[in-house]
Amino acid sequence: MIYSLFQWLRDLDLPGAGLMTYISFRSMLAALTALLVSLIGGRKIIALLQKKQIGETIRDLGLEGQMQKKGTPTMGGVIIIAATLAGALLFGDLGNIYNWLLIITTVWLGGLGFADDYIKVFRHNKEGLSEKAKLIGQFLLALGIALTVCFSPSIDTNNLVTTIPFVKAHEFDYSWLSPFKGQLGVYCTWGIYMVMIIIVILGCSNGTNLTDGMDGLAAGSSAIVGVVLGIFAWLSGNVLNAEYLNIMYIPGTGEISVFMSAFTGALIGFLWYNSFPAQVFMGDTGSLAIGGIIGVGAVLIRKELLLPILCGIFFVESLSVLMQRGYFKYTKKKYGEGRRIFRMSPLHHHFQKEGVPALIQSPKKALPEAKIVSRFWIVGILLGVATLALLKIR
């Protein structure tokens, strides 16, 4: 909105109006705005949640300090969503399709998560939305994004190419996966690309949801990812930077860096209240939206195949759940008794638990929650730096 206003003022030759043409300047303003909205608005939203007695229901899993969190306000994801949208709408180019895809993703998945939290809190149903209902909601959004990316005239998809590390051109063409040639091969390639987009969005959304189990873990890890995606978007959307680094130039994606800046600012502001000991939890309202933003953002700048590295925390958390369930079912069928790989899954709880028989018994003693979160953040920073470094490794 402010961006559009300054475009009009620029036409009137008003001194200083040209500042808004710089994506870097608007990104800083978007981050600052989102941070302030999150900090100032967050206090009021938390007070409202406390007044409405919207507290978290805690299951006793035998974790240290867990039951002390009972009654902590949840649904705090509305703070992240409101702050992100404030920064993006004020300083983003509302004529840019990439901005709108991210805005729609935020509202759609935030609404889906809100419905889940609402059922848990107000209807006292601990299960919330069924897994099937969540997946359908996520799938519909992912399908809409995939169709838009593939067939919108505003998005350049003449070549279905994405970024991968360790090769000279840094590019992977999805047509290489098609078993057919000619026109049938073209259709097959489009189908493969759409399936990949759907998998990435679903995987990121659910992976973030699984990571949201300790104070500040999901928010801090996501902020790191948001910074890296913002840098990638800024580089990919600038023809000179893209040419210098020999990476894919994607017109219009520079605006994604404005959105990612607002997203990161909102998460950092939320951490003020969500860091240990948390005054508020994001709930599914926040975690589903955060994961969706990361997945859609990566798809739009053609960096989806870098996500296993960049989002290594989310990836390993999801993998630990799949491994634990699979191994438990396998051993129960084979030995009549289920066995565990980790003391508890997702992975962050493994470090918080002790005295449970499992294949992996390191560390021997349970670690404090704040230490686990800090170490996960450090790993996330290392993964983010490594992902950026891959631009120069060929």
# chains A, B, ... in the order shown; residues from 1 in each chain; ligands from 1
>>> residues_around(residues="Val258 (chain A)", least_positions_apart="4", cutoff="10 Å", atoms="only C-alpha atoms", output="VMD selection string")
chain A and resid 23 to 31 87 to 89 91 to 93 99 230 233 to 234 253 to 254 262 to 264
>>> residues_around(residues="region 273-276 of chain A", least_positions_apart="6", cutoff="10 Å", atoms="only C-alpha atoms", output="number ranges by chain")
A: 38-39, 42-43, 46, 76, 214-220, 267, 282, 369-370, 373
>>> write_last_selection(atoms="C-alpha atoms", output="PDB file, in the first residue's frame")
ATOM      1  CA  SER A  38       4.634  -8.546  16.693  1.00  0.00           C
ATOM      2  CA  LEU A  39       6.121  -6.963  19.825  1.00  0.00           C
ATOM      3  CA  GLY A  42       1.701  -9.544  20.722  1.00  0.00           C
ATOM      4  CA  ARG A  43       1.340  -8.244  24.278  1.00  0.00           C
ATOM      5  CA  ILE A  46      -1.571 -12.601  24.735  1.00  0.00           C
ATOM      6  CA  GLY A  76      -0.367 -17.246  19.276  1.00  0.00           C
ATOM      7  CA  MET A 214       9.712 -26.723  22.569  1.00  0.00           C
ATOM      8  CA  ASP A 215       9.708 -23.063  23.498  1.00  0.00           C
ATOM      9  CA  GLY A 216      11.171 -21.066  20.605  1.00  0.00           C
ATOM     10  CA  LEU A 217      12.315 -24.067  18.567  1.00  0.00           C
ATOM     11  CA  ALA A 218      10.027 -23.738  15.538  1.00  0.00           C
ATOM     12  CA  ALA A 219      10.003 -19.920  15.527  1.00  0.00           C
ATOM     13  CA  GLY A 220      13.790 -19.555  15.793  1.00  0.00           C
ATOM     14  CA  LEU A 267       9.056 -14.510  13.954  1.00  0.00           C
ATOM     15  CA  MET A 282       1.949 -20.548  18.308  1.00  0.00           C
ATOM     16  CA  GLU A 369      14.982 -27.553  27.161  1.00  0.00           C
ATOM     17  CA  ALA A 370      16.692 -24.189  26.650  1.00  0.00           C
ATOM     18  CA  VAL A 373      16.672 -25.322  21.541  1.00  0.00           C
TER      19      VAL A 373
END
>>> residues_around(residues="region 177-188 of chain A", least_positions_apart="3", cutoff="12 Å", atoms="only C-alpha atoms", output="list in words")
Cys150, Asn158, Asn159, Leu160, Val161, Phe172, Asp173, Tyr174, Gly191, Ile192, Tyr193, Met194, Val195 and Met196 of chain A
>>> closest_residue(among="A:Pro73, A:Pro277, A:Gly295, A:Gly265", to="Gly203 (chain A)", atoms="only C-alpha atoms")
A:Gly295
>>> atom_distance(atom1="CA of Phe328 (chain A)", atom2="CA of Pro357 (chain A)")
12.3 Å
>>> closest_residue(among="A:Leu359, A:Ala146, A:Leu305, A:Leu310", to="Tyr327 (chain A)", atoms="only C-alpha atoms")
A:Leu359
>>> closest_residue(among="A:Leu347, A:Leu288, A:Leu112, A:Ile79", to="Ala133 (chain A)", atoms="only C-alpha atoms")
A:Leu112
>>> residues_around(residues="Gly213 (chain A)", least_positions_apart="6", cutoff="9 Å", atoms="only C-alpha atoms", output="VMD selection string")
chain A and resid 346 348 to 349
>>> write_last_selection(atoms="all heavy atoms", output="short mmCIF file (atom, residue, chain, number, x, y, z; two decimals), in the first residue's frame")
data_model
loop_
_atom_site.label_atom_id
_atom_site.label_comp_id
_atom_site.auth_asym_id
_atom_site.auth_seq_id
_atom_site.Cartn_x
_atom_site.Cartn_y
_atom_site.Cartn_z
N PRO A 346 9.00 -36.52 18.19
CA PRO A 346 10.08 -36.08 17.30
C PRO A 346 11.43 -35.98 18.02
O PRO A 346 11.48 -36.02 19.24
CB PRO A 346 9.60 -34.72 16.80
CG PRO A 346 8.12 -34.72 17.01
CD PRO A 346 7.90 -35.53 18.25
N HIS A 348 13.61 -33.80 18.96
CA HIS A 348 13.97 -32.91 20.06
C HIS A 348 13.59 -33.49 21.42
O HIS A 348 14.25 -33.23 22.42
CB HIS A 348 13.33 -31.52 19.87
CG HIS A 348 11.86 -31.52 19.71
ND1 HIS A 348 11.23 -31.49 18.48
CD2 HIS A 348 10.85 -31.54 20.63
CE1 HIS A 348 9.92 -31.48 18.64
NE2 HIS A 348 9.66 -31.51 19.93
N HIS A 349 12.54 -34.30 21.47
CA HIS A 349 12.14 -34.91 22.74
C HIS A 349 13.09 -36.05 23.16
O HIS A 349 13.14 -36.39 24.34
CB HIS A 349 10.71 -35.44 22.65
CG HIS A 349 9.67 -34.37 22.69
ND1 HIS A 349 9.72 -33.29 23.54
CD2 HIS A 349 8.52 -34.22 21.97
CE1 HIS A 349 8.67 -32.51 23.35
NE2 HIS A 349 7.93 -33.05 22.40
#
>>> residues_around(residues="Leu319 (chain A)", least_positions_apart="3", cutoff="12 Å", atoms="only C-alpha atoms", output="compact mmCIF listing (two decimals) with N, CA and C atoms, in the first residue's frame")
# COMPACT_ATOMS: atom_id res chain seq x y z
N GLY A 203 5.05 -31.33 2.79
CA GLY A 203 6.15 -31.74 3.66
C GLY A 203 6.60 -30.63 4.59
N ASN A 206 3.82 -29.77 7.36
CA ASN A 206 3.73 -30.77 8.42
C ASN A 206 5.04 -30.90 9.19
N GLY A 207 6.17 -30.69 8.51
CA GLY A 207 7.46 -30.76 9.18
C GLY A 207 7.61 -29.68 10.24
N LEU A 210 5.55 -30.56 13.34
CA LEU A 210 6.20 -31.54 14.21
C LEU A 210 7.31 -30.92 15.04
N THR A 211 7.97 -29.90 14.49
CA THR A 211 9.09 -29.26 15.18
C THR A 211 8.61 -28.36 16.31
N PRO A 308 16.01 -29.95 1.82
CA PRO A 308 16.53 -30.94 2.78
C PRO A 308 17.77 -30.46 3.52
N GLY A 312 17.02 -28.62 7.24
CA GLY A 312 17.49 -29.89 7.79
C GLY A 312 16.88 -30.22 9.14
N ILE A 313 16.63 -29.19 9.97
CA ILE A 313 16.01 -29.41 11.28
C ILE A 313 14.61 -30.01 11.09
N PHE A 314 13.80 -29.39 10.24
CA PHE A 314 12.44 -29.89 10.01
C PHE A 314 12.47 -31.28 9.35
N PHE A 315 13.42 -31.45 8.43
CA PHE A 315 13.53 -32.71 7.70
C PHE A 315 13.86 -33.87 8.66
N VAL A 316 14.83 -33.65 9.53
CA VAL A 316 15.24 -34.70 10.47
C VAL A 316 14.15 -34.96 11.51
N LEU A 322 8.87 -40.80 11.34
CA LEU A 322 8.63 -41.90 10.41
C LEU A 322 9.46 -43.13 10.79
N MET A 323 10.72 -42.92 11.14
CA MET A 323 11.60 -44.03 11.53
C MET A 323 11.10 -44.70 12.81
N GLN A 324 10.69 -43.89 13.77
CA GLN A 324 10.22 -44.43 15.05
C GLN A 324 8.97 -45.28 14.87
N ARG A 325 8.02 -44.75 14.12
CA ARG A 325 6.77 -45.49 13.89
C ARG A 325 7.02 -46.77 13.10
N GLY A 326 7.82 -46.63 12.03
CA GLY A 326 8.09 -47.80 11.19
C GLY A 326 8.82 -48.90 11.95
N TYR A 327 9.83 -48.52 12.73
CA TYR A 327 10.61 -49.52 13.48
C TYR A 327 9.77 -50.15 14.59
N ILE A 341 13.81 -46.63 18.24
CA ILE A 341 15.12 -46.14 17.82
C ILE A 341 15.54 -45.00 18.73
N PHE A 342 14.60 -44.06 18.97
CA PHE A 342 14.83 -42.91 19.83
C PHE A 342 14.04 -43.11 21.12
N SER A 345 10.01 -39.51 20.02
CA SER A 345 10.02 -38.68 18.82
C SER A 345 8.87 -37.67 18.91
N PRO A 346 9.00 -36.52 18.19
CA PRO A 346 10.08 -36.08 17.30
C PRO A 346 11.43 -35.98 18.02
N LEU A 347 12.47 -35.81 17.25
CA LEU A 347 13.84 -35.93 17.71
C LEU A 347 14.15 -35.03 18.91
>>> select_by_dssp(residues="region 115-308 of chain A", states="strand (DSSP E or B)", output="ChimeraX atom specification")
/A:161-163,171-173
>>> atom_distance(atom1="CA of Ala82 (chain A)", atom2="CA of Ile45 (chain A)")
10.6 Å
>>> closest_residue(among="A:Ser130, A:Asn238, A:Ser287, A:Ser205", to="Ile256 (chain A)", atoms="only C-alpha atoms")
A:Asn238
>>> residues_around(residues="region 246-251 of chain A", least_positions_apart="6", cutoff="7 Å", atoms="only C-alpha atoms", output="PyMOL selection string")
chain A and resi 170+236-239
>>> write_last_selection(atoms="C-alpha atoms", output="PDB file, in the first residue's frame")
ATOM      1  CA  HIS A 170      23.524 -25.378 -10.781  1.00  0.00           C
ATOM      2  CA  SER A 236      17.466 -14.442  -8.125  1.00  0.00           C
ATOM      3  CA  GLY A 237      15.292 -11.416  -8.834  1.00  0.00           C
ATOM      4  CA  ASN A 238      18.224  -9.184  -9.778  1.00  0.00           C
ATOM      5  CA  VAL A 239      19.649  -9.834 -13.230  1.00  0.00           C
TER       6      VAL A 239
END
>>> closest_residue(among="A:Phe259, A:Phe376, A:Trp272, A:Phe281", to="Glu317 (chain A)", atoms="only C-alpha atoms")
A:Phe376
>>> atom_distance(atom1="CA of Phe122 (chain A)", atom2="CA of Lys134 (chain A)")
18.2 Å
